[in-house]
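Trainee: One structure coming up, written as structure tokens, with questions to follow.
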Amino acid sequence: MKHITIILPVLLLLAIAITDQSHAQQRFPAPEFESGYEYPEVAAPEPRTLALEYVDVMVLLGFMLLTSWLVIRKRSRQWILWLSVLALLYFGFWKGGCICAVGSLQNMALSFSDPSYAVSYTVIAFFMLPLAFSLAFGRVFCASACPLGVIQDLVVINPVRVPVWIQRSLGIFPFVYLALAVLYAATGTDFIICRYDPFVGIFRMGAEFHLVILGISFLLIGMFVARPYCRFVCPYGALLKVTSMFSKYHLSITPAQCIQCKLCSGSCPFGAIEKPTTGKLMDDMKGRSGKFLLYAALIPLLVLVGGLTLSSAHVFLAKAHPDVYLAHLLIEEPAIINDPDNLDVQTFLASDRTLEELVVSAGEIQATFRTGTRYAGAFIGLVAGLFLVSQYVVRRRTDYEPNRGDCYSCGRCIRYCPVQKQDA
Amino acid sequence: MNLSDKIKIAKQTAMVAGAFCLLISLLLLLHFLQMRSADPLDSQVLETLVERLAMEPGNEQLKNEIRQFDLLARKAYFTSLWQVRTGGFLLLFAAIILVAALRIYFALIARIEEPPGEEETAELTGRVLSRRWIMGGTAILVILALAASLTVSDPIERYLADIAYPEKAEEQVERITITDPEAPPAEDTPVPIPDTPATGEEPDRQPADTPAEPGRPDPKPDEPAEPLKPSFPDQTTIRQNHNAIRGPWSQGVVYHENLPLEWDGASGKNIIWKVPIPLHAYSSPVTWGDRLFVTGASERERKVFCFDRHTGDLLWEASAANIPGSPATPPETTPDTGLGAPSATTDGIGVYAIFGTGDIIALDMDGNRMWARNLGVPDNHYGHSSSLVSHKEKLFVQYDDRNRGRILCLNVHTGETIWDITRDSDISWASPILADVDGNYQLVVKGNPIVAGYDIKTGGELWTVNAMSGEVGPSPGFGGGLVYAANEYATMVAIDPASGAVVWQDNFYLPEVASPVYGNGYVFIATTYAVLACLDAKTGELLWEYDTDDIFYSSPMVAGNRVYVTDTSGNTYIFETGSEPILIGKNALGEEVYTTPAFADGRIYIRGEKHLYCIGI
Ligand code: SF4
Ligand code: SF4
């Protein structure tokens, strides 16, 4: 439809509007007291008191219980849709996208590496609950409790089918992102998932320009490539994918017996429906069992290569840490101490730290990065190996079924199945 | 309605919503361009008028014109803000309708697809391609990692290797700190810590075992390691320090002599040292013994900094992080208040600081955390700004926010609540003071609308006067047996704290941010319309007024027979406390000042927007 072409400029202008406003609010001196002026609503979410944080946990639990019931028992796409709208309003627009399960994995990583970092029970609950639910019922969190997922789901208008090889090869990226996010969080450098969260600017109606653009781009792409962030970026989704693979009671497309009508086969905008296996495929795979063994044997090598190559880049990655950055700067450009405009340097000069202390601290951080990148690289190598090997594995399947790792339990496919429960 | 009608409606709705989106976007874009070209914040007229005023500081008509233009500019600015925000919401709303209509449209025109034929080959080729791309992708990652490793060298290892050799270490390991070569050595300016016992002014509050040097409770390393029982400083010791905002007991009066009368930030005259403050905030410095404390805050971090009062060296910094109950995202505040507006207080045993997140932290004099807690995030649209004040084991926190008026009293050793009262006050930004009334301390607190005195033991309300209104910023003043409370758009009252009776009332000059101060029978008011006014403390009669260069946020301070007051441009005016305006000195710092200076013997410490200054002769 032609109209879609107007959406792009429209949304870009929205971006300009939003950013303009968020800057402007910071600039005017405060009005005189008692001028009758009322401050505009704040642009960032109000923080929550502890009691309200517990309420959030209860709400999350409620959403997931209800979704599980709707997905497994009631099997109603309509209800799931409305529930997801509610989740978007509550966790997205009202709470401003924080706290969220996706970001919570960084707090967990930091608390494991730094015992003095206290992680609250709310964060633990936000991290654990969706994973626990996915072990039981699949990714019900993604269906209608994750504001990031829901906002993308709602803009799915005319999805194209992404070729399976693109989907599978890009599917590694969330694991790479996961490894980097954990590395940066555990070293106390940065919470990159939050820093580059593309939707938070939309939820809060104000953010840095590039983030709003990023969010809008994801939504625009998401009209045609459904849930691009979930499928190709989300690091928490990577974890959910793994736990969901082992889910005990997962959504099934048909309520009873699949009659092989194939009506549902194209219904999933995320390409998450697995077709029955054919004899030819099985034969082909059998013929490749040698390759399977070869790649399986290569996994340790990939782990080693991953660990070594990423750790060779540890200095590059560690420069995101302020101490390391400053130490490099002061050693490489000693004249910078005369630059009064470089606030980082001036603050350091005013502090009681000596250059040696700074360098020693930066050296320690770099050493942590060296170890961290070994693990992160090894993990990426392992994931790449498993992805490769999985291409030689087929599970015998007689019916049309959702892929438990990739299915977001959105319930779209249910409507396509002509089989009724009583038919069984 | 048949299917084609529905399709038509969905299509038309999408078109209308799309057109509406486009229209709003265009308007927003126009607005954006217009604001760029004619920004009300950069009004030429206003600038010219202000320049003129600098030449004719007494011109009342000009001042009125400026106020009016300023009001107009504010109106224009906030209307534009409203327009943008409303436009943003309209756009969001229209975008939602557009997406919904498009969804419906595509759902309606959708046809059930032909079930696909056998797709064995598709799956097989898919797997082959996937394998290739996974391998290709992994190779790309490896190449990227190797390329990244080549882009940076590692100077740190080199540096550390160099300093491993002592002869090279000499060249490399130089301590980079700013020290003023002219700064006197520490022993030149010892802080006198009197060993005289307390005077009879406070007989029942004087602990028998007050040590001579409460500022140095640490045992020497060779002394037995048994913990010293902390003793609270006596009144004389408190007077030697500047342990809270506006000095001892936050009364605005300091007890030092030899204070400098002349300085100049630009030429460095009488500036003993000047150091950048690592983290911005609007809190004021406080001192104890050789140490000076300031706080700093940003969205990311909240910190307490301890400087050597004599050299300006940063001795330590302590972060208010990892506090149970502290909000994950700090509350939104306005830039003129921020998260670090409240000033810390110290009793020589600990330093106590509170931040706009509701985090309150107690540190020992070496920066080690004694305790920390979160008092609940204050619901405050500018940001919490009430400073702390303490008396012996009690730390008082004025915590009025939009939900309720509240004062807490915490134990300085443990942070536990001693008492916590809800009071009949709306949100406020003032700070509590301690007033010695008939041999007992009262906590005198301003709010909206009450000015009230509280029993420090129980938190019981001793008296209240309903006199304030609006957004209460200035704190009370105390002296000559009276409490002075004033607020812009309300009034000024002098209250007898023994009875709660209003002794006099006046509303000619009223402060908006700076607090009134008592000195030698006079009360001084520093306003946000650049006037310093002096009133007779007993009668409230206006004795004189003085037009200054800029407005006042910093509170006036009385030292001996002088009053010091700094305007927001950083000019400090020094007047005699008398019935005539006798200006003794006017000194420019060359940096904006919104905080109240701290005083010590022969020294004044001013926190500018970026730097901390030590002034002395
Ligand atoms: S994949 Fe990630 S972003 Fe998407 S719905 Fe799941 S958790 Fe949310
Ligand atoms: S529920 Fe069905 S349509 Fe939705 S993601 Fe899972 S397989 Fe795809």
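So you can find residues: chains in the structure tokens are A, B, ... in the order shown, residues in each start at 1, and ligands are numbered from 1 in order.
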All residues within 8 Å of ligand 1 are required, counting only C-alpha atoms and all ligand atoms; please report them as a tab-separated table (two decimals) with C-alpha atoms, in the first residue's frame.
Mentor:
chain	number	residue	atom	x	y	z
A	101	ALA	CA	13.87	-8.50	32.34
A	102	VAL	CA	16.09	-7.89	29.32
A	139	ARG	CA	8.17	-17.82	25.75
A	141	PHE	CA	6.92	-13.50	28.50
A	142	CYS	CA	7.69	-12.50	24.91
A	143	ALA	CA	4.05	-12.98	23.92
A	144	SER	CA	2.51	-10.41	26.18
A	145	ALA	CA	4.68	-9.19	29.00
A	146	CYS	CA	7.80	-7.78	27.36
A	147	PRO	CA	7.13	-4.19	26.26
A	148	LEU	CA	9.97	-4.37	23.76
A	149	GLY	CA	8.53	-7.43	22.12
A	150	VAL	CA	4.94	-6.25	22.24
A	227	ARG	CA	10.03	-8.49	15.61
A	229	TYR	CA	14.92	-6.83	17.70
A	230	CYS	CA	13.59	-10.03	19.26
A	231	ARG	CA	14.86	-12.25	16.51
A	233	VAL	CA	19.32	-8.71	18.70
A	234	CYS	CA	17.69	-9.45	22.06
A	235	PRO	CA	20.25	-11.09	24.37
A	236	TYR	CA	17.63	-12.08	26.91
A	237	GLY	CA	15.68	-13.68	24.09
A	238	ALA	CA	18.77	-15.83	23.51
A	240	LEU	CA	14.70	-17.62	26.68
A	408	TYR	CA	6.98	-16.27	20.84
Trainee: Do you know which residues are within 9 Å of ligand 2 using only C-alpha atoms and all ligand atoms? Can you write them as a PDB file with all heavy atoms, in the first residue's frame?
Mentor:
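The file below, pocket-v8.pdb, is the result:
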ATOM      1  N   VAL A  71      -2.556 -19.055  26.411  1.00  0.00           N
ATOM      2  CA  VAL A  71      -1.839 -19.723  25.332  1.00  0.00           C
ATOM      3  C   VAL A  71      -2.122 -21.220  25.337  1.00  0.00           C
ATOM      4  O   VAL A  71      -2.428 -21.817  24.305  1.00  0.00           O
ATOM      5  CB  VAL A  71      -0.314 -19.456  25.492  1.00  0.00           C
ATOM      6  CG1 VAL A  71       0.500 -20.398  24.627  1.00  0.00           C
ATOM      7  CG2 VAL A  71       0.002 -18.023  25.130  1.00  0.00           C
ATOM      8  N   ARG A  77      -5.903 -15.947  20.430  1.00  0.00           N
ATOM      9  CA  ARG A  77      -5.011 -14.903  19.940  1.00  0.00           C
ATOM     10  C   ARG A  77      -5.544 -13.521  20.354  1.00  0.00           C
ATOM     11  O   ARG A  77      -4.782 -12.643  20.739  1.00  0.00           O
ATOM     12  CB  ARG A  77      -4.913 -14.996  18.411  1.00  0.00           C
ATOM     13  CG  ARG A  77      -4.340 -13.773  17.718  1.00  0.00           C
ATOM     14  CD  ARG A  77      -2.880 -13.562  18.063  1.00  0.00           C
ATOM     15  NE  ARG A  77      -2.414 -12.268  17.578  1.00  0.00           N
ATOM     16  CZ  ARG A  77      -1.364 -11.638  18.047  1.00  0.00           C
ATOM     17  NH1 ARG A  77      -0.668 -12.174  19.031  1.00  0.00           N
ATOM     18  NH2 ARG A  77      -1.003 -10.492  17.554  1.00  0.00           N
ATOM     19  N   ARG A 139       7.856 -19.240  25.575  1.00  0.00           N
ATOM     20  CA  ARG A 139       8.172 -17.818  25.751  1.00  0.00           C
ATOM     21  C   ARG A 139       6.923 -16.968  25.946  1.00  0.00           C
ATOM     22  O   ARG A 139       6.664 -16.022  25.196  1.00  0.00           O
ATOM     23  CB  ARG A 139       9.002 -17.332  24.567  1.00  0.00           C
ATOM     24  CG  ARG A 139      10.319 -18.064  24.506  1.00  0.00           C
ATOM     25  CD  ARG A 139      11.053 -17.812  23.225  1.00  0.00           C
ATOM     26  NE  ARG A 139      11.615 -16.468  23.162  1.00  0.00           N
ATOM     27  CZ  ARG A 139      12.488 -16.086  22.238  1.00  0.00           C
ATOM     28  NH1 ARG A 139      12.894 -16.950  21.331  1.00  0.00           N
ATOM     29  NH2 ARG A 139      12.941 -14.862  22.230  1.00  0.00           N
ATOM     30  N   ALA A 143       5.369 -13.138  24.538  1.00  0.00           N
ATOM     31  CA  ALA A 143       4.051 -12.984  23.920  1.00  0.00           C
ATOM     32  C   ALA A 143       3.361 -11.730  24.410  1.00  0.00           C
ATOM     33  O   ALA A 143       2.905 -10.907  23.611  1.00  0.00           O
ATOM     34  CB  ALA A 143       3.197 -14.207  24.229  1.00  0.00           C
ATOM     35  N   LEU A 251       2.847 -24.246  23.686  1.00  0.00           N
ATOM     36  CA  LEU A 251       1.698 -24.051  22.799  1.00  0.00           C
ATOM     37  C   LEU A 251       1.776 -25.048  21.630  1.00  0.00           C
ATOM     38  O   LEU A 251       2.860 -25.318  21.110  1.00  0.00           O
ATOM     39  CB  LEU A 251       1.745 -22.623  22.271  1.00  0.00           C
ATOM     40  CG  LEU A 251       0.893 -22.237  21.081  1.00  0.00           C
ATOM     41  CD1 LEU A 251       0.363 -20.833  21.298  1.00  0.00           C
ATOM     42  CD2 LEU A 251       1.656 -22.291  19.770  1.00  0.00           C
ATOM     43  N   SER A 252       0.611 -25.599  21.251  1.00  0.00           N
ATOM     44  CA  SER A 252       0.589 -26.415  20.040  1.00  0.00           C
ATOM     45  C   SER A 252      -0.358 -25.754  19.057  1.00  0.00           C
ATOM     46  O   SER A 252      -1.304 -25.072  19.461  1.00  0.00           O
ATOM     47  CB  SER A 252       0.127 -27.832  20.364  1.00  0.00           C
ATOM     48  OG  SER A 252      -1.228 -27.783  20.743  1.00  0.00           O
ATOM     49  N   ILE A 253      -0.065 -25.917  17.765  1.00  0.00           N
ATOM     50  CA  ILE A 253      -0.891 -25.213  16.774  1.00  0.00           C
ATOM     51  C   ILE A 253      -2.291 -25.828  16.746  1.00  0.00           C
ATOM     52  O   ILE A 253      -3.290 -25.123  16.762  1.00  0.00           O
ATOM     53  CB  ILE A 253      -0.239 -25.283  15.384  1.00  0.00           C
ATOM     54  CG1 ILE A 253       1.146 -24.638  15.467  1.00  0.00           C
ATOM     55  CG2 ILE A 253      -1.104 -24.584  14.342  1.00  0.00           C
ATOM     56  CD1 ILE A 253       1.938 -24.724  14.184  1.00  0.00           C
ATOM     57  N   CYS A 264      -1.766 -23.812   8.342  1.00  0.00           N
ATOM     58  CA  CYS A 264      -1.016 -22.929   9.253  1.00  0.00           C
ATOM     59  C   CYS A 264       0.396 -22.663   8.757  1.00  0.00           C
ATOM     60  O   CYS A 264       1.107 -21.833   9.327  1.00  0.00           O
ATOM     61  CB  CYS A 264      -0.954 -23.540  10.645  1.00  0.00           C
ATOM     62  SG  CYS A 264       0.054 -25.024  10.706  1.00  0.00           S
ATOM     63  N   GLY A 266       2.047 -21.094   6.625  1.00  0.00           N
ATOM     64  CA  GLY A 266       2.620 -19.761   6.360  1.00  0.00           C
ATOM     65  C   GLY A 266       2.136 -18.724   7.358  1.00  0.00           C
ATOM     66  O   GLY A 266       2.311 -17.530   7.135  1.00  0.00           O
ATOM     67  N   SER A 267       1.509 -19.174   8.432  1.00  0.00           N
ATOM     68  CA  SER A 267       0.836 -18.207   9.313  1.00  0.00           C
ATOM     69  C   SER A 267       1.778 -17.499  10.272  1.00  0.00           C
ATOM     70  O   SER A 267       1.431 -16.462  10.824  1.00  0.00           O
ATOM     71  CB  SER A 267      -0.244 -18.919  10.129  1.00  0.00           C
ATOM     72  OG  SER A 267       0.375 -19.863  10.983  1.00  0.00           O
ATOM     73  N   CYS A 268       2.957 -18.038  10.489  1.00  0.00           N
ATOM     74  CA  CYS A 268       3.820 -17.436  11.516  1.00  0.00           C
ATOM     75  C   CYS A 268       4.687 -16.341  10.902  1.00  0.00           C
ATOM     76  O   CYS A 268       5.515 -16.603  10.029  1.00  0.00           O
ATOM     77  CB  CYS A 268       4.709 -18.491  12.162  1.00  0.00           C
ATOM     78  SG  CYS A 268       5.783 -17.770  13.398  1.00  0.00           S
ATOM     79  N   PRO A 269       4.511 -15.100  11.361  1.00  0.00           N
ATOM     80  CA  PRO A 269       5.317 -14.026  10.782  1.00  0.00           C
ATOM     81  C   PRO A 269       6.790 -14.137  11.157  1.00  0.00           C
ATOM     82  O   PRO A 269       7.628 -13.413  10.624  1.00  0.00           O
ATOM     83  CB  PRO A 269       4.701 -12.752  11.368  1.00  0.00           C
ATOM     84  CG  PRO A 269       3.927 -13.177  12.553  1.00  0.00           C
ATOM     85  CD  PRO A 269       3.575 -14.619  12.402  1.00  0.00           C
ATOM     86  N   PHE A 270       7.087 -15.029  12.135  1.00  0.00           N
ATOM     87  CA  PHE A 270       8.469 -15.114  12.611  1.00  0.00           C
ATOM     88  C   PHE A 270       9.181 -16.345  12.061  1.00  0.00           C
ATOM     89  O   PHE A 270      10.279 -16.668  12.487  1.00  0.00           O
ATOM     90  CB  PHE A 270       8.486 -15.158  14.144  1.00  0.00           C
ATOM     91  CG  PHE A 270       7.545 -14.173  14.754  1.00  0.00           C
ATOM     92  CD1 PHE A 270       6.382 -14.589  15.383  1.00  0.00           C
ATOM     93  CD2 PHE A 270       7.800 -12.815  14.667  1.00  0.00           C
ATOM     94  CE1 PHE A 270       5.507 -13.666  15.923  1.00  0.00           C
ATOM     95  CE2 PHE A 270       6.925 -11.889  15.203  1.00  0.00           C
ATOM     96  CZ  PHE A 270       5.759 -12.314  15.830  1.00  0.00           C
ATOM     97  N   GLY A 271       8.489 -17.054  11.156  1.00  0.00           N
ATOM     98  CA  GLY A 271       9.094 -18.248  10.571  1.00  0.00           C
ATOM     99  C   GLY A 271       9.407 -19.302  11.603  1.00  0.00           C
ATOM    100  O   GLY A 271      10.432 -19.982  11.521  1.00  0.00           O
ATOM    101  N   ALA A 272       8.511 -19.429  12.593  1.00  0.00           N
ATOM    102  CA  ALA A 272       8.829 -20.339  13.698  1.00  0.00           C
ATOM    103  C   ALA A 272       8.087 -21.663  13.593  1.00  0.00           C
ATOM    104  O   ALA A 272       8.094 -22.429  14.543  1.00  0.00           O
ATOM    105  CB  ALA A 272       8.504 -19.653  15.026  1.00  0.00           C
ATOM    106  N   ILE A 273       7.431 -21.914  12.458  1.00  0.00           N
ATOM    107  CA  ILE A 273       6.696 -23.186  12.359  1.00  0.00           C
ATOM    108  C   ILE A 273       7.554 -24.222  11.637  1.00  0.00           C
ATOM    109  O   ILE A 273       8.108 -23.958  10.563  1.00  0.00           O
ATOM    110  CB  ILE A 273       5.346 -22.982  11.654  1.00  0.00           C
ATOM    111  CG1 ILE A 273       4.459 -22.106  12.551  1.00  0.00           C
ATOM    112  CG2 ILE A 273       4.669 -24.324  11.378  1.00  0.00           C
ATOM    113  CD1 ILE A 273       3.095 -21.824  12.008  1.00  0.00           C
ATOM    114  N   GLU A 274       7.687 -25.357  12.273  1.00  0.00           N
ATOM    115  CA  GLU A 274       8.483 -26.439  11.694  1.00  0.00           C
ATOM    116  C   GLU A 274       7.545 -27.376  10.932  1.00  0.00           C
ATOM    117  O   GLU A 274       6.473 -27.728  11.440  1.00  0.00           O
ATOM    118  CB  GLU A 274       9.167 -27.249  12.802  1.00  0.00           C
ATOM    119  CG  GLU A 274      10.072 -26.430  13.689  1.00  0.00           C
ATOM    120  CD  GLU A 274      11.486 -26.355  13.161  1.00  0.00           C
ATOM    121  OE1 GLU A 274      11.688 -26.639  11.970  1.00  0.00           O
ATOM    122  OE2 GLU A 274      12.384 -25.997  13.950  1.00  0.00           O
ATOM    123  N   GLU A 401       4.465 -28.026  13.763  1.00  0.00           N
ATOM    124  CA  GLU A 401       4.674 -27.665  15.175  1.00  0.00           C
ATOM    125  C   GLU A 401       5.481 -26.370  15.267  1.00  0.00           C
ATOM    126  O   GLU A 401       6.323 -26.126  14.411  1.00  0.00           O
ATOM    127  CB  GLU A 401       5.530 -28.742  15.875  1.00  0.00           C
ATOM    128  CG  GLU A 401       4.799 -29.973  16.238  1.00  0.00           C
ATOM    129  CD  GLU A 401       5.781 -31.041  16.729  1.00  0.00           C
ATOM    130  OE1 GLU A 401       6.937 -30.695  17.056  1.00  0.00           O
ATOM    131  OE2 GLU A 401       5.371 -32.206  16.763  1.00  0.00           O
ATOM    132  N   PRO A 402       5.232 -25.592  16.339  1.00  0.00           N
ATOM    133  CA  PRO A 402       6.093 -24.419  16.532  1.00  0.00           C
ATOM    134  C   PRO A 402       7.491 -24.860  16.955  1.00  0.00           C
ATOM    135  O   PRO A 402       7.626 -25.848  17.682  1.00  0.00           O
ATOM    136  CB  PRO A 402       5.434 -23.636  17.665  1.00  0.00           C
ATOM    137  CG  PRO A 402       4.326 -24.463  18.181  1.00  0.00           C
ATOM    138  CD  PRO A 402       4.193 -25.699  17.369  1.00  0.00           C
ATOM    139  N   ASN A 403       8.490 -24.128  16.498  1.00  0.00           N
ATOM    140  CA  ASN A 403       9.845 -24.375  16.992  1.00  0.00           C
ATOM    141  C   ASN A 403       9.910 -23.791  18.400  1.00  0.00           C
ATOM    142  O   ASN A 403       9.753 -22.587  18.589  1.00  0.00           O
ATOM    143  CB  ASN A 403      10.836 -23.663  16.068  1.00  0.00           C
ATOM    144  CG  ASN A 403      12.257 -23.771  16.569  1.00  0.00           C
ATOM    145  OD1 ASN A 403      12.533 -23.518  17.729  1.00  0.00           O
ATOM    146  ND2 ASN A 403      13.147 -24.149  15.670  1.00  0.00           N
ATOM    147  N   ARG A 404      10.146 -24.656  19.373  1.00  0.00           N
ATOM    148  CA  ARG A 404      10.013 -24.210  20.761  1.00  0.00           C
ATOM    149  C   ARG A 404      10.984 -23.090  21.133  1.00  0.00           C
ATOM    150  O   ARG A 404      10.687 -22.285  22.011  1.00  0.00           O
ATOM    151  CB  ARG A 404      10.216 -25.394  21.704  1.00  0.00           C
ATOM    152  CG  ARG A 404       9.123 -26.385  21.530  1.00  0.00           C
ATOM    153  CD  ARG A 404       9.103 -27.422  22.596  1.00  0.00           C
ATOM    154  NE  ARG A 404       7.870 -28.173  22.429  1.00  0.00           N
ATOM    155  CZ  ARG A 404       7.278 -28.857  23.363  1.00  0.00           C
ATOM    156  NH1 ARG A 404       7.801 -28.901  24.562  1.00  0.00           N
ATOM    157  NH2 ARG A 404       6.158 -29.499  23.128  1.00  0.00           N
ATOM    158  N   ASP A 406      12.150 -20.718  18.964  1.00  0.00           N
ATOM    159  CA  ASP A 406      11.872 -19.475  18.228  1.00  0.00           C
ATOM    160  C   ASP A 406      10.452 -18.953  18.412  1.00  0.00           C
ATOM    161  O   ASP A 406      10.179 -17.788  18.098  1.00  0.00           O
ATOM    162  CB  ASP A 406      12.103 -19.692  16.730  1.00  0.00           C
ATOM    163  CG  ASP A 406      13.574 -19.929  16.425  1.00  0.00           C
ATOM    164  OD1 ASP A 406      14.401 -19.504  17.259  1.00  0.00           O
ATOM    165  OD2 ASP A 406      13.889 -20.536  15.394  1.00  0.00           O
ATOM    166  N   CYS A 407       9.529 -19.791  18.860  1.00  0.00           N
ATOM    167  CA  CYS A 407       8.124 -19.374  18.946  1.00  0.00           C
ATOM    168  C   CYS A 407       7.908 -18.409  20.105  1.00  0.00           C
ATOM    169  O   CYS A 407       8.366 -18.658  21.217  1.00  0.00           O
ATOM    170  CB  CYS A 407       7.258 -20.622  19.134  1.00  0.00           C
ATOM    171  SG  CYS A 407       5.591 -20.234  19.640  1.00  0.00           S
ATOM    172  N   TYR A 408       7.246 -17.278  19.805  1.00  0.00           N
ATOM    173  CA  TYR A 408       6.980 -16.274  20.844  1.00  0.00           C
ATOM    174  C   TYR A 408       5.630 -16.488  21.515  1.00  0.00           C
ATOM    175  O   TYR A 408       5.164 -15.633  22.254  1.00  0.00           O
ATOM    176  CB  TYR A 408       7.029 -14.861  20.249  1.00  0.00           C
ATOM    177  CG  TYR A 408       8.367 -14.529  19.664  1.00  0.00           C
ATOM    178  CD1 TYR A 408       8.559 -14.511  18.294  1.00  0.00           C
ATOM    179  CD2 TYR A 408       9.449 -14.281  20.485  1.00  0.00           C
ATOM    180  CE1 TYR A 408       9.798 -14.240  17.755  1.00  0.00           C
ATOM    181  CE2 TYR A 408      10.691 -14.007  19.956  1.00  0.00           C
ATOM    182  CZ  TYR A 408      10.867 -13.990  18.584  1.00  0.00           C
ATOM    183  OH  TYR A 408      12.098 -13.723  18.061  1.00  0.00           O
ATOM    184  N   SER A 409       4.969 -17.594  21.211  1.00  0.00           N
ATOM    185  CA  SER A 409       3.665 -17.914  21.803  1.00  0.00           C
ATOM    186  C   SER A 409       2.644 -16.802  21.549  1.00  0.00           C
ATOM    187  O   SER A 409       1.849 -16.488  22.418  1.00  0.00           O
ATOM    188  CB  SER A 409       3.790 -18.151  23.307  1.00  0.00           C
ATOM    189  OG  SER A 409       4.586 -19.263  23.554  1.00  0.00           O
ATOM    190  N   CYS A 410       2.716 -16.204  20.365  1.00  0.00           N
ATOM    191  CA  CYS A 410       1.811 -15.096  20.092  1.00  0.00           C
ATOM    192  C   CYS A 410       0.410 -15.584  19.768  1.00  0.00           C
ATOM    193  O   CYS A 410      -0.552 -14.844  19.829  1.00  0.00           O
ATOM    194  CB  CYS A 410       2.340 -14.236  18.951  1.00  0.00           C
ATOM    195  SG  CYS A 410       2.133 -15.003  17.335  1.00  0.00           S
ATOM    196  N   GLY A 411       0.278 -16.849  19.372  1.00  0.00           N
ATOM    197  CA  GLY A 411      -1.048 -17.433  19.165  1.00  0.00           C
ATOM    198  C   GLY A 411      -1.642 -17.195  17.792  1.00  0.00           C
ATOM    199  O   GLY A 411      -2.794 -17.576  17.540  1.00  0.00           O
ATOM    200  N   ARG A 412      -0.897 -16.571  16.885  1.00  0.00           N
ATOM    201  CA  ARG A 412      -1.473 -16.295  15.558  1.00  0.00           C
ATOM    202  C   ARG A 412      -1.860 -17.583  14.832  1.00  0.00           C
ATOM    203  O   ARG A 412      -2.925 -17.688  14.240  1.00  0.00           O
ATOM    204  CB  ARG A 412      -0.481 -15.521  14.701  1.00  0.00           C
ATOM    205  CG  ARG A 412      -0.369 -14.051  15.039  1.00  0.00           C
ATOM    206  CD  ARG A 412       0.586 -13.377  14.068  1.00  0.00           C
ATOM    207  NE  ARG A 412       0.692 -11.951  14.284  1.00  0.00           N
ATOM    208  CZ  ARG A 412       1.476 -11.384  15.195  1.00  0.00           C
ATOM    209  NH1 ARG A 412       2.222 -12.140  15.984  1.00  0.00           N
ATOM    210  NH2 ARG A 412       1.531 -10.071  15.325  1.00  0.00           N
ATOM    211  N   CYS A 413      -0.949 -18.570  14.907  1.00  0.00           N
ATOM    212  CA  CYS A 413      -1.154 -19.776  14.112  1.00  0.00           C
ATOM    213  C   CYS A 413      -2.380 -20.582  14.566  1.00  0.00           C
ATOM    214  O   CYS A 413      -2.968 -21.309  13.771  1.00  0.00           O
ATOM    215  CB  CYS A 413       0.091 -20.650  14.165  1.00  0.00           C
ATOM    216  SG  CYS A 413       0.645 -20.958  15.842  1.00  0.00           S
ATOM    217  N   ILE A 414      -2.749 -20.413  15.846  1.00  0.00           N
ATOM    218  CA  ILE A 414      -3.873 -21.194  16.378  1.00  0.00           C
ATOM    219  C   ILE A 414      -5.113 -20.999  15.515  1.00  0.00           C
ATOM    220  O   ILE A 414      -5.849 -21.934  15.228  1.00  0.00           O
ATOM    221  CB  ILE A 414      -4.159 -20.748  17.831  1.00  0.00           C
ATOM    222  CG1 ILE A 414      -2.992 -21.142  18.723  1.00  0.00           C
ATOM    223  CG2 ILE A 414      -5.464 -21.332  18.335  1.00  0.00           C
ATOM    224  CD1 ILE A 414      -3.113 -20.610  20.133  1.00  0.00           C
TER     225      ILE A 414
END
Trainee: If you run DSSP on this backbone, which residues of region 318-364 of chain A come out as helix (DSSP H, G or I), and could you give them as a VMD selection string?
Mentor: chain A and resid 318 322 to 332 334 to 338 343 to 350 355 to 364
Trainee: For the atom pair CA of Lys11 (chain B) and CA of Ala226 (chain A), what is the interatomic distance in Å to one decimal place?
Mentor: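 Computed distance, CA of Lys11 (chain B) to CA of Ala226 (chain A), equals 21.8 Å.
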Trainee: Could you please tell me, as JSON, numbers by chain, which residues of chain B have an atom within 7 Å of chain A when using only C-alpha atoms?
Mentor: {"B": [15, 18, 21, 22, 25, 28, 29, 81, 84, 88, 91, 99, 102, 103, 106, 115, 120, 124, 126, 127, 129, 130, 131, 133, 134, 138, 142, 145, 146, 148, 149, 152, 154, 155, 156, 173, 175, 176, 177, 178, 275, 276, 278, 313, 314, 315, 322, 325, 327, 328, 329, 330, 331, 332, 335, 336, 376, 377, 470, 471]}
Trainee: Which residues in region 365-598 of chain B does DSSP call strand (DSSP E or B)? List them as a VMD selection string.
Mentor: chain B and resid 369 to 374 389 to 391 394 to 398 405 to 411 417 to 423 426 433 to 437 440 to 446 448 450 to 455 461 to 466 477 to 479 482 to 486 492 to 496 501 to 506 517 to 519 522 to 526 531 to 536 542 to 547 557 to 559 562 to 566 571 to 576 583 to 588 598
